[in-house]
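**Q** Below is one structure. I have some questions about it.
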Number of protein chains: 4
Amino acid sequence: MPILSDNKRYTYALEMNVRDYELDAEQIVNNANYLHYMEHTRHSFCAEAGLSFAEMRMRGLDPVVRKVEVEYINSLRSGDHFLSCLKLERKGARFIFRQDILFPTGEYAARGMITVVCLKDGKLTRGNELAALFKDYI
Amino acid sequence: MPILSDNKRYTYALEMNVRDYELDAEQIVNNANYLHYMEHTRHSFCAEAGLSFAEMRMRGLDPVVRKVEVEYINSLRSGDHFLSCLKLERKGARFIFRQDILFPTGEYAARGMITVVCLKDGKLTRGNELAALFKDYI
Amino acid sequence: MPILSDNKRYTYALEMNVRDYELDAEQIVNNANYLHYMEHTRHSFCAEAGLSFAEMRMRGLDPVVRKVEVEYINSLRSGDHFLSCLKLERKGARFIFRQDILFPTGEYAARGMITVVCLKDGKLTRGNELAALFKDYI
Amino acid sequence: MPILSDNKRYTYALEMNVRDYELDAEQIVNNANYLHYMEHTRHSFCAEAGLSFAEMRMRGLDPVVRKVEVEYINSLRSGDHFLSCLKLERKGARFIFRQDILFPTGEYAARGMITVVCLKDGKLTRGNELAALFKDYI
């Protein structure tokens with residue numbers, strides 16, 4: 001995947017296909033499903049890089065989405081194949097996932113920035129425990 | 001609903017209930033479902049204020065989401081009842097829906113800003129046709 | 001609601017509206033969403049009749065769907081208003097929800113039969129604890 | 001995949017992974033999502049075997065689900081990998097998809113039977129046109 005060859009741009013990518021039930025009456029993937037694609041990509045990244053969400057919960061860690069910003073550039077349609085890419089940054093207690101969805105041509109379908117914080121026993125943490133798990137990727 | 005009594009704040013509100021299938025494994029409403037709530041609120045508003053999305057499509061008008069920004073403040077959970085409120089503004093070709101989701105106490109569950117543009121025959125319009133339909137609400 | 005006046009036919013009904021994000025590219029409500037409507041109806045019934053699902057889980061009771069059979073008769077479309085009705089029967093360890101979705105005219109959109117069993121601490125129960133909660137409705 | 005080596009049992013299989021947003025508050029894949037998995041499998045099969053759903057619609061053919069029967073045997077959970085398999089039969093105007101979801105061990109997660117009919121210009125067809133497209137698989 002040439003998109004990933006410049007490894008400063010993204011640290012993780014998942015190849016995915018549009019599923020027809022994700023389309024809405026306008027024949028394009030419904031805007032909410034992009035958040036699903038991005039969540040699945042974050043969770044796959046976490047499972048490969050350190051710890052799955054199920055394991056995090058068993059340790060009492062609860063990552064929660066605080067903010068999403070998604071720009072929709074070119075609509076995904078039936079039959080489309082795409083790459084869901086991410087790069088992780090930390091800003092204090094906040095983990096910022098820069099998440100782009102690209103066509104195989106390299107054109108953007110959507111660009112997102114998802115802010116996640118980590119709760120422990122229902123309280124906001126400073127994120128150190130989570131950061132330690134992903135130290136090679138931040 | 002006292003939240004709506006100050007009618008400069010919101011122009012439309014819908015009472016809704018969390019449905020259990022909208023929860024995820026963290027026992028909170030999954031982040032993508034807030035976009036569903038907001039979309040349903042926009043579409044209900046459009047149907048009441050002027051023209052339903054099905055009717056827009058029959059006239060060749062295709063409103064498309066260009067950008068979403070949602071801040072998640074207090075998680076919605078099983079059994080929660082909430083108000084999904086909106087206020088519409090126009091900025092040139094862009095229609096900005098300020099969309100808040102509130103608990104009956106007036107506390108925020110989430111705050112959003114959804115940018116919509118209008119296509120006609122697949123091309124971006126200046127939005128005049130759509131604006132004319134909603135002229136009493138912008 | 002005249003549909004409910006003959007109370008031998010259904011014990012519970014919920015008025016619902018199609019939400020546009022539930023449509024698929026064929027402009028009809030996607031078949032999986034009927035299961036969502038039916039689940040939401042079962043959970044609303046349980047919360048009103050006895051105990052919510054969240055409360056059941058707190059008591060260690062875990063109702064689980066074992067079988068679904070749904071016949072799709074007339075497609076639900078954008079703007080449709082409908083009634084989601086149920087009647088509960090018990091057959092030993094199995095709870096059978098007969099669930100119909102009807103247009104306001106009384107015509108069927110879909111007819112379903114959903115079989116639920118109750119687990120406790122991960123093991124199948126004989127259903128007596130759950131049946132006691134709903135004894136006025138079975 | 002040994003499951004497919006006996007080609008009388010299934011004609012098509014897709015490898016899939018549970019995505020965490022498909023889980024519900026009981027930490028298992030929500031029952032409606034099995035219909036999504038099965039639909040995606042049918043559509044992938046159709047695209048490979050003959051004609052995608054988008055292409056069918058362009059020819060005026062509209063396959064519609066008439067009936068679903070699904071037995072849930074072992075719940076799918078976070079991190080699970082599975083095979084979604086199908087075998088197609090024709091009974092007059094009805095196309096019967098026998099669809100099983102299996103763990104890599106060969107154990108069943110769910111077994112389904114999905115009945116599809118084909119509309120043309122909104123009217124029920126005898127299915128001959130659709131059957132011709134899939135003649136090598138029925």
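Residue numbering restarts at 1 in every chain; chains get A, B, ... in the order shown in the structure tokens, and ligands count up from 1 in that same order.
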Compute the set of chain D residues within 6 Å of chain C, using only C-alpha atoms, and express it as an mmCIF file with all heavy atoms, in the first residue's frame.
**A**
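Result file follows (out.cif):
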```cif
data_model
loop_
_atom_site.group_PDB
_atom_site.id
_atom_site.type_symbol
_atom_site.label_atom_id
_atom_site.label_comp_id
_atom_site.auth_asym_id
_atom_site.auth_seq_id
_atom_site.Cartn_x
_atom_site.Cartn_y
_atom_site.Cartn_z
ATOM 1 N N ALA D 32 -29.835 -8.252 15.517
ATOM 2 C CA ALA D 32 -30.108 -7.669 14.195
ATOM 3 C C ALA D 32 -28.864 -7.671 13.314
ATOM 4 O O ALA D 32 -28.974 -7.735 12.080
ATOM 5 C CB ALA D 32 -30.646 -6.250 14.342
ATOM 6 N N LEU D 35 -28.386 -10.361 10.691
ATOM 7 C CA LEU D 35 -29.046 -10.128 9.394
ATOM 8 C C LEU D 35 -28.175 -9.252 8.495
ATOM 9 O O LEU D 35 -28.160 -9.419 7.283
ATOM 10 C CB LEU D 35 -30.418 -9.487 9.596
ATOM 11 C CG LEU D 35 -31.494 -10.373 10.219
ATOM 12 C CD1 LEU D 35 -32.851 -9.683 10.112
ATOM 13 C CD2 LEU D 35 -31.568 -11.728 9.520
ATOM 14 N N ARG D 66 -38.338 -11.570 1.822
ATOM 15 C CA ARG D 66 -39.721 -11.869 2.189
ATOM 16 C C ARG D 66 -39.847 -12.502 3.564
ATOM 17 O O ARG D 66 -40.859 -12.349 4.250
ATOM 18 C CB ARG D 66 -40.347 -12.820 1.164
ATOM 19 C CG ARG D 66 -41.111 -12.211 0.070
ATOM 20 C CD ARG D 66 -42.378 -11.500 0.533
ATOM 21 N NE ARG D 66 -42.951 -10.672 -0.518
ATOM 22 C CZ ARG D 66 -42.785 -9.344 -0.607
ATOM 23 N NH1 ARG D 66 -42.080 -8.682 0.274
ATOM 24 N NH2 ARG D 66 -43.344 -8.668 -1.577
ATOM 25 N N LYS D 67 -38.803 -13.233 3.944
ATOM 26 C CA LYS D 67 -38.876 -13.955 5.209
ATOM 27 C C LYS D 67 -37.467 -14.222 5.727
ATOM 28 O O LYS D 67 -36.570 -14.524 4.942
ATOM 29 C CB LYS D 67 -39.593 -15.298 4.984
ATOM 30 C CG LYS D 67 -40.111 -15.937 6.251
ATOM 31 C CD LYS D 67 -40.895 -17.205 5.911
ATOM 32 C CE LYS D 67 -41.437 -17.851 7.174
ATOM 33 N NZ LYS D 67 -42.184 -19.071 6.863
ATOM 34 N N VAL D 68 -37.287 -14.069 7.030
ATOM 35 C CA VAL D 68 -36.024 -14.486 7.642
ATOM 36 C C VAL D 68 -36.337 -15.406 8.807
ATOM 37 O O VAL D 68 -37.289 -15.194 9.560
ATOM 38 C CB VAL D 68 -35.172 -13.299 8.148
ATOM 39 C CG1 VAL D 68 -34.854 -12.320 7.026
ATOM 40 C CG2 VAL D 68 -35.825 -12.569 9.303
ATOM 41 N N GLU D 69 -35.539 -16.464 8.910
ATOM 42 C CA GLU D 69 -35.596 -17.345 10.070
ATOM 43 C C GLU D 69 -34.156 -17.552 10.513
ATOM 44 O O GLU D 69 -33.342 -18.050 9.733
ATOM 45 C CB GLU D 69 -36.203 -18.699 9.685
ATOM 46 C CG GLU D 69 -37.671 -18.613 9.290
ATOM 47 C CD GLU D 69 -38.136 -19.889 8.604
ATOM 48 O OE1 GLU D 69 -38.453 -20.865 9.303
ATOM 49 O OE2 GLU D 69 -38.139 -19.894 7.346
ATOM 50 N N VAL D 70 -33.864 -17.128 11.726
ATOM 51 C CA VAL D 70 -32.500 -17.274 12.232
ATOM 52 C C VAL D 70 -32.547 -17.899 13.616
ATOM 53 O O VAL D 70 -33.290 -17.455 14.493
ATOM 54 C CB VAL D 70 -31.757 -15.919 12.313
ATOM 55 C CG1 VAL D 70 -30.331 -16.119 12.848
ATOM 56 C CG2 VAL D 70 -31.713 -15.229 10.964
ATOM 57 N N GLU D 71 -31.738 -18.946 13.786
ATOM 58 C CA GLU D 71 -31.571 -19.578 15.089
ATOM 59 C C GLU D 71 -30.199 -19.168 15.612
ATOM 60 O O GLU D 71 -29.192 -19.322 14.916
ATOM 61 C CB GLU D 71 -31.633 -21.101 14.903
ATOM 62 C CG GLU D 71 -31.950 -21.871 16.151
ATOM 63 C CD GLU D 71 -31.845 -23.368 15.898
ATOM 64 O OE1 GLU D 71 -31.878 -23.786 14.710
ATOM 65 O OE2 GLU D 71 -31.707 -24.111 16.877
ATOM 66 N N TYR D 72 -30.177 -18.613 16.818
ATOM 67 C CA TYR D 72 -28.921 -18.148 17.417
ATOM 68 C C TYR D 72 -28.409 -19.245 18.338
ATOM 69 O O TYR D 72 -29.109 -19.656 19.272
ATOM 70 C CB TYR D 72 -29.162 -16.863 18.209
ATOM 71 C CG TYR D 72 -29.691 -15.735 17.345
ATOM 72 C CD1 TYR D 72 -31.060 -15.572 17.129
ATOM 73 C CD2 TYR D 72 -28.820 -14.850 16.716
ATOM 74 C CE1 TYR D 72 -31.545 -14.554 16.326
ATOM 75 C CE2 TYR D 72 -29.299 -13.824 15.906
ATOM 76 C CZ TYR D 72 -30.660 -13.690 15.723
ATOM 77 O OH TYR D 72 -31.143 -12.685 14.913
#
```
**Q** Neighbours of segment 127-137 of chain D within 7 Å (only C-alpha atoms; same-chain residues fewer than 4 positions away dropped), as a list in words?
**A**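 Result of the neighbour search: Ala49, Gly50, Leu88, Ala93 and Cys118 of chain D.
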**Q** From the DSSP assignment of the backbone, select every residue of chain D that is helix (DSSP H, G or I), and format the answer as a PDB file with N, CA, C and O atoms, in the first residue's frame.
**A**
```pdb
ATOM      1  N   PRO D   2     -11.479 -25.750   5.506  1.00  0.00           N
ATOM      2  CA  PRO D   2     -12.030 -27.117   5.407  1.00  0.00           C
ATOM      3  C   PRO D   2     -13.558 -27.103   5.360  1.00  0.00           C
ATOM      4  O   PRO D   2     -14.156 -27.976   4.774  1.00  0.00           O
ATOM      5  N   ILE D   3     -14.160 -26.089   5.977  1.00  0.00           N
ATOM      6  CA  ILE D   3     -15.619 -26.004   5.987  1.00  0.00           C
ATOM      7  C   ILE D   3     -16.189 -26.014   4.574  1.00  0.00           C
ATOM      8  O   ILE D   3     -17.274 -26.481   4.316  1.00  0.00           O
ATOM      9  N   LEU D   4     -15.388 -25.429   3.649  1.00  0.00           N
ATOM     10  CA  LEU D   4     -15.871 -25.345   2.275  1.00  0.00           C
ATOM     11  C   LEU D   4     -15.421 -26.504   1.402  1.00  0.00           C
ATOM     12  O   LEU D   4     -15.827 -26.589   0.249  1.00  0.00           O
ATOM     13  N   SER D   5     -14.584 -27.365   1.901  1.00  0.00           N
ATOM     14  CA  SER D   5     -14.012 -28.408   1.048  1.00  0.00           C
ATOM     15  C   SER D   5     -15.108 -29.351   0.541  1.00  0.00           C
ATOM     16  O   SER D   5     -15.056 -29.833  -0.573  1.00  0.00           O
ATOM     17  N   ASP D  20     -16.574  -3.973  17.176  1.00  0.00           N
ATOM     18  CA  ASP D  20     -17.073  -3.705  18.531  1.00  0.00           C
ATOM     19  C   ASP D  20     -18.381  -2.903  18.556  1.00  0.00           C
ATOM     20  O   ASP D  20     -19.170  -3.049  19.491  1.00  0.00           O
ATOM     21  N   TYR D  21     -18.629  -2.067  17.534  1.00  0.00           N
ATOM     22  CA  TYR D  21     -19.888  -1.308  17.554  1.00  0.00           C
ATOM     23  C   TYR D  21     -21.107  -2.202  17.295  1.00  0.00           C
ATOM     24  O   TYR D  21     -22.237  -1.753  17.442  1.00  0.00           O
ATOM     25  N   GLU D  22     -20.864  -3.449  16.933  1.00  0.00           N
ATOM     26  CA  GLU D  22     -21.959  -4.388  16.705  1.00  0.00           C
ATOM     27  C   GLU D  22     -22.412  -5.070  17.996  1.00  0.00           C
ATOM     28  O   GLU D  22     -23.428  -5.759  18.019  1.00  0.00           O
ATOM     29  N   ASN D  31     -28.671  -9.181  17.962  1.00  0.00           N
ATOM     30  CA  ASN D  31     -29.322 -10.123  17.027  1.00  0.00           C
ATOM     31  C   ASN D  31     -29.561  -9.553  15.627  1.00  0.00           C
ATOM     32  O   ASN D  31     -29.483 -10.271  14.646  1.00  0.00           O
ATOM     33  N   ALA D  32     -29.835  -8.252  15.517  1.00  0.00           N
ATOM     34  CA  ALA D  32     -30.108  -7.669  14.195  1.00  0.00           C
ATOM     35  C   ALA D  32     -28.864  -7.671  13.314  1.00  0.00           C
ATOM     36  O   ALA D  32     -28.974  -7.735  12.080  1.00  0.00           O
ATOM     37  N   ASN D  33     -27.688  -7.606  13.925  1.00  0.00           N
ATOM     38  CA  ASN D  33     -26.465  -7.567  13.117  1.00  0.00           C
ATOM     39  C   ASN D  33     -26.187  -8.868  12.371  1.00  0.00           C
ATOM     40  O   ASN D  33     -25.492  -8.862  11.356  1.00  0.00           O
ATOM     41  N   TYR D  34     -26.727  -9.973  12.842  1.00  0.00           N
ATOM     42  CA  TYR D  34     -26.584 -11.219  12.084  1.00  0.00           C
ATOM     43  C   TYR D  34     -27.288 -11.095  10.727  1.00  0.00           C
ATOM     44  O   TYR D  34     -26.829 -11.651   9.741  1.00  0.00           O
ATOM     45  N   LEU D  35     -28.386 -10.361  10.691  1.00  0.00           N
ATOM     46  CA  LEU D  35     -29.046 -10.128   9.394  1.00  0.00           C
ATOM     47  C   LEU D  35     -28.175  -9.252   8.495  1.00  0.00           C
ATOM     48  O   LEU D  35     -28.160  -9.419   7.283  1.00  0.00           O
ATOM     49  N   HIS D  36     -27.454  -8.310   9.105  1.00  0.00           N
ATOM     50  CA  HIS D  36     -26.500  -7.510   8.317  1.00  0.00           C
ATOM     51  C   HIS D  36     -25.383  -8.385   7.758  1.00  0.00           C
ATOM     52  O   HIS D  36     -25.027  -8.272   6.588  1.00  0.00           O
ATOM     53  N   TYR D  37     -24.835  -9.258   8.589  1.00  0.00           N
ATOM     54  CA  TYR D  37     -23.774 -10.156   8.101  1.00  0.00           C
ATOM     55  C   TYR D  37     -24.311 -10.997   6.941  1.00  0.00           C
ATOM     56  O   TYR D  37     -23.637 -11.198   5.934  1.00  0.00           O
ATOM     57  N   MET D  38     -25.525 -11.513   7.107  1.00  0.00           N
ATOM     58  CA  MET D  38     -26.083 -12.397   6.069  1.00  0.00           C
ATOM     59  C   MET D  38     -26.379 -11.611   4.798  1.00  0.00           C
ATOM     60  O   MET D  38     -26.129 -12.095   3.695  1.00  0.00           O
ATOM     61  N   GLU D  39     -26.893 -10.400   4.927  1.00  0.00           N
ATOM     62  CA  GLU D  39     -27.149  -9.580   3.739  1.00  0.00           C
ATOM     63  C   GLU D  39     -25.844  -9.284   3.008  1.00  0.00           C
ATOM     64  O   GLU D  39     -25.766  -9.407   1.784  1.00  0.00           O
ATOM     65  N   HIS D  40     -24.819  -8.894   3.755  1.00  0.00           N
ATOM     66  CA  HIS D  40     -23.542  -8.581   3.108  1.00  0.00           C
ATOM     67  C   HIS D  40     -22.986  -9.811   2.387  1.00  0.00           C
ATOM     68  O   HIS D  40     -22.415  -9.702   1.294  1.00  0.00           O
ATOM     69  N   THR D  41     -23.186 -10.976   2.980  1.00  0.00           N
ATOM     70  CA  THR D  41     -22.718 -12.214   2.355  1.00  0.00           C
ATOM     71  C   THR D  41     -23.495 -12.493   1.063  1.00  0.00           C
ATOM     72  O   THR D  41     -22.905 -12.839   0.038  1.00  0.00           O
ATOM     73  N   ARG D  42     -24.823 -12.314   1.107  1.00  0.00           N
ATOM     74  CA  ARG D  42     -25.618 -12.507  -0.125  1.00  0.00           C
ATOM     75  C   ARG D  42     -25.179 -11.541  -1.223  1.00  0.00           C
ATOM     76  O   ARG D  42     -25.032 -11.922  -2.377  1.00  0.00           O
ATOM     77  N   HIS D  43     -24.984 -10.287  -0.849  1.00  0.00           N
ATOM     78  CA  HIS D  43     -24.625  -9.291  -1.862  1.00  0.00           C
ATOM     79  C   HIS D  43     -23.226  -9.552  -2.430  1.00  0.00           C
ATOM     80  O   HIS D  43     -23.003  -9.373  -3.632  1.00  0.00           O
ATOM     81  N   SER D  44     -22.297  -9.987  -1.568  1.00  0.00           N
ATOM     82  CA  SER D  44     -20.941 -10.315  -2.058  1.00  0.00           C
ATOM     83  C   SER D  44     -21.004 -11.512  -2.996  1.00  0.00           C
ATOM     84  O   SER D  44     -20.354 -11.523  -4.048  1.00  0.00           O
ATOM     85  N   PHE D  45     -21.794 -12.502  -2.604  1.00  0.00           N
ATOM     86  CA  PHE D  45     -21.975 -13.678  -3.461  1.00  0.00           C
ATOM     87  C   PHE D  45     -22.539 -13.256  -4.816  1.00  0.00           C
ATOM     88  O   PHE D  45     -22.042 -13.679  -5.867  1.00  0.00           O
ATOM     89  N   CYS D  46     -23.578 -12.444  -4.805  1.00  0.00           N
ATOM     90  CA  CYS D  46     -24.206 -12.027  -6.069  1.00  0.00           C
ATOM     91  C   CYS D  46     -23.218 -11.272  -6.947  1.00  0.00           C
ATOM     92  O   CYS D  46     -23.145 -11.496  -8.157  1.00  0.00           O
ATOM     93  N   ALA D  47     -22.444 -10.357  -6.334  1.00  0.00           N
ATOM     94  CA  ALA D  47     -21.477  -9.576  -7.120  1.00  0.00           C
ATOM     95  C   ALA D  47     -20.435 -10.493  -7.760  1.00  0.00           C
ATOM     96  O   ALA D  47     -20.036 -10.295  -8.906  1.00  0.00           O
ATOM     97  N   GLU D  48     -20.004 -11.543  -7.027  1.00  0.00           N
ATOM     98  CA  GLU D  48     -18.989 -12.449  -7.576  1.00  0.00           C
ATOM     99  C   GLU D  48     -19.586 -13.440  -8.564  1.00  0.00           C
ATOM    100  O   GLU D  48     -18.953 -13.803  -9.550  1.00  0.00           O
ATOM    101  N   ALA D  49     -20.815 -13.861  -8.271  1.00  0.00           N
ATOM    102  CA  ALA D  49     -21.394 -14.955  -9.066  1.00  0.00           C
ATOM    103  C   ALA D  49     -22.036 -14.441 -10.348  1.00  0.00           C
ATOM    104  O   ALA D  49     -22.074 -15.154 -11.344  1.00  0.00           O
ATOM    105  N   PHE D  53     -25.953  -5.945  -6.655  1.00  0.00           N
ATOM    106  CA  PHE D  53     -27.281  -5.387  -6.415  1.00  0.00           C
ATOM    107  C   PHE D  53     -27.458  -4.043  -7.128  1.00  0.00           C
ATOM    108  O   PHE D  53     -28.553  -3.742  -7.623  1.00  0.00           O
ATOM    109  N   ALA D  54     -26.394  -3.248  -7.172  1.00  0.00           N
ATOM    110  CA  ALA D  54     -26.483  -1.956  -7.871  1.00  0.00           C
ATOM    111  C   ALA D  54     -26.796  -2.195  -9.352  1.00  0.00           C
ATOM    112  O   ALA D  54     -27.639  -1.509  -9.945  1.00  0.00           O
ATOM    113  N   GLU D  55     -26.138  -3.213  -9.947  1.00  0.00           N
ATOM    114  CA  GLU D  55     -26.387  -3.527 -11.355  1.00  0.00           C
ATOM    115  C   GLU D  55     -27.798  -4.101 -11.556  1.00  0.00           C
ATOM    116  O   GLU D  55     -28.457  -3.815 -12.552  1.00  0.00           O
ATOM    117  N   MET D  56     -28.257  -4.929 -10.592  1.00  0.00           N
ATOM    118  CA  MET D  56     -29.627  -5.463 -10.704  1.00  0.00           C
ATOM    119  C   MET D  56     -30.634  -4.309 -10.761  1.00  0.00           C
ATOM    120  O   MET D  56     -31.540  -4.299 -11.577  1.00  0.00           O
ATOM    121  N   ARG D  57     -30.436  -3.332  -9.860  1.00  0.00           N
ATOM    122  CA  ARG D  57     -31.376  -2.195  -9.834  1.00  0.00           C
ATOM    123  C   ARG D  57     -31.353  -1.443 -11.155  1.00  0.00           C
ATOM    124  O   ARG D  57     -32.387  -0.985 -11.622  1.00  0.00           O
ATOM    125  N   MET D  58     -30.168  -1.336 -11.770  1.00  0.00           N
ATOM    126  CA  MET D  58     -30.090  -0.635 -13.049  1.00  0.00           C
ATOM    127  C   MET D  58     -30.870  -1.378 -14.142  1.00  0.00           C
ATOM    128  O   MET D  58     -31.328  -0.787 -15.092  1.00  0.00           O
ATOM    129  N   ASN D 128     -37.410 -15.934 -13.190  1.00  0.00           N
ATOM    130  CA  ASN D 128     -36.619 -16.563 -14.251  1.00  0.00           C
ATOM    131  C   ASN D 128     -35.387 -15.740 -14.634  1.00  0.00           C
ATOM    132  O   ASN D 128     -34.308 -16.299 -14.889  1.00  0.00           O
ATOM    133  N   GLU D 129     -35.559 -14.433 -14.678  1.00  0.00           N
ATOM    134  CA  GLU D 129     -34.443 -13.579 -15.062  1.00  0.00           C
ATOM    135  C   GLU D 129     -33.305 -13.681 -14.046  1.00  0.00           C
ATOM    136  O   GLU D 129     -32.135 -13.806 -14.412  1.00  0.00           O
ATOM    137  N   LEU D 130     -33.689 -13.645 -12.766  1.00  0.00           N
ATOM    138  CA  LEU D 130     -32.680 -13.754 -11.711  1.00  0.00           C
ATOM    139  C   LEU D 130     -32.044 -15.146 -11.727  1.00  0.00           C
ATOM    140  O   LEU D 130     -30.826 -15.288 -11.593  1.00  0.00           O
ATOM    141  N   ALA D 131     -32.863 -16.169 -11.908  1.00  0.00           N
ATOM    142  CA  ALA D 131     -32.343 -17.539 -11.904  1.00  0.00           C
ATOM    143  C   ALA D 131     -31.340 -17.747 -13.035  1.00  0.00           C
ATOM    144  O   ALA D 131     -30.339 -18.456 -12.876  1.00  0.00           O
ATOM    145  N   ALA D 132     -31.592 -17.093 -14.174  1.00  0.00           N
ATOM    146  CA  ALA D 132     -30.671 -17.244 -15.306  1.00  0.00           C
ATOM    147  C   ALA D 132     -29.287 -16.725 -14.947  1.00  0.00           C
ATOM    148  O   ALA D 132     -28.259 -17.297 -15.336  1.00  0.00           O
ATOM    149  N   LEU D 133     -29.240 -15.646 -14.169  1.00  0.00           N
ATOM    150  CA  LEU D 133     -27.949 -15.067 -13.788  1.00  0.00           C
ATOM    151  C   LEU D 133     -27.152 -15.991 -12.874  1.00  0.00           C
ATOM    152  O   LEU D 133     -25.929 -15.955 -12.861  1.00  0.00           O
TER     153      LEU D 133
END
```
**Q** What does the distance from atom CA of Ser78 of chain A to atom CA of Leu23 of chain B come to in Å, to one decimal?
**A** 27.1 Å
**Q** When DSSP works through the backbone of this structure, what residues of chain D end up as strand (DSSP E or B), shown as an NGL selection string?
**A** :D and (12-17 or 23 or 28-29 or 61-72 or 77 or 81-91 or 94-102 or 108-120 or 123-124)
**Q** Between B:Ile138, B:Gln27, B:Asp121, B:Arg126, which residue has the minimum interatomic distance to Leu61 of chain B, considering only C-alpha atoms?
**A**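 Nearest to Leu61 of chain B: B:Asp121.
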**Q** For Gly79 of chain A, list every protein, DNA or RNA residue within 8 Å, evaluated using only C-alpha atoms, and leave out those in the same chain fewer than 5 positions away; present the list as JSON, numbers by chain.
**A** {"A": [17, 18, 19, 20]}
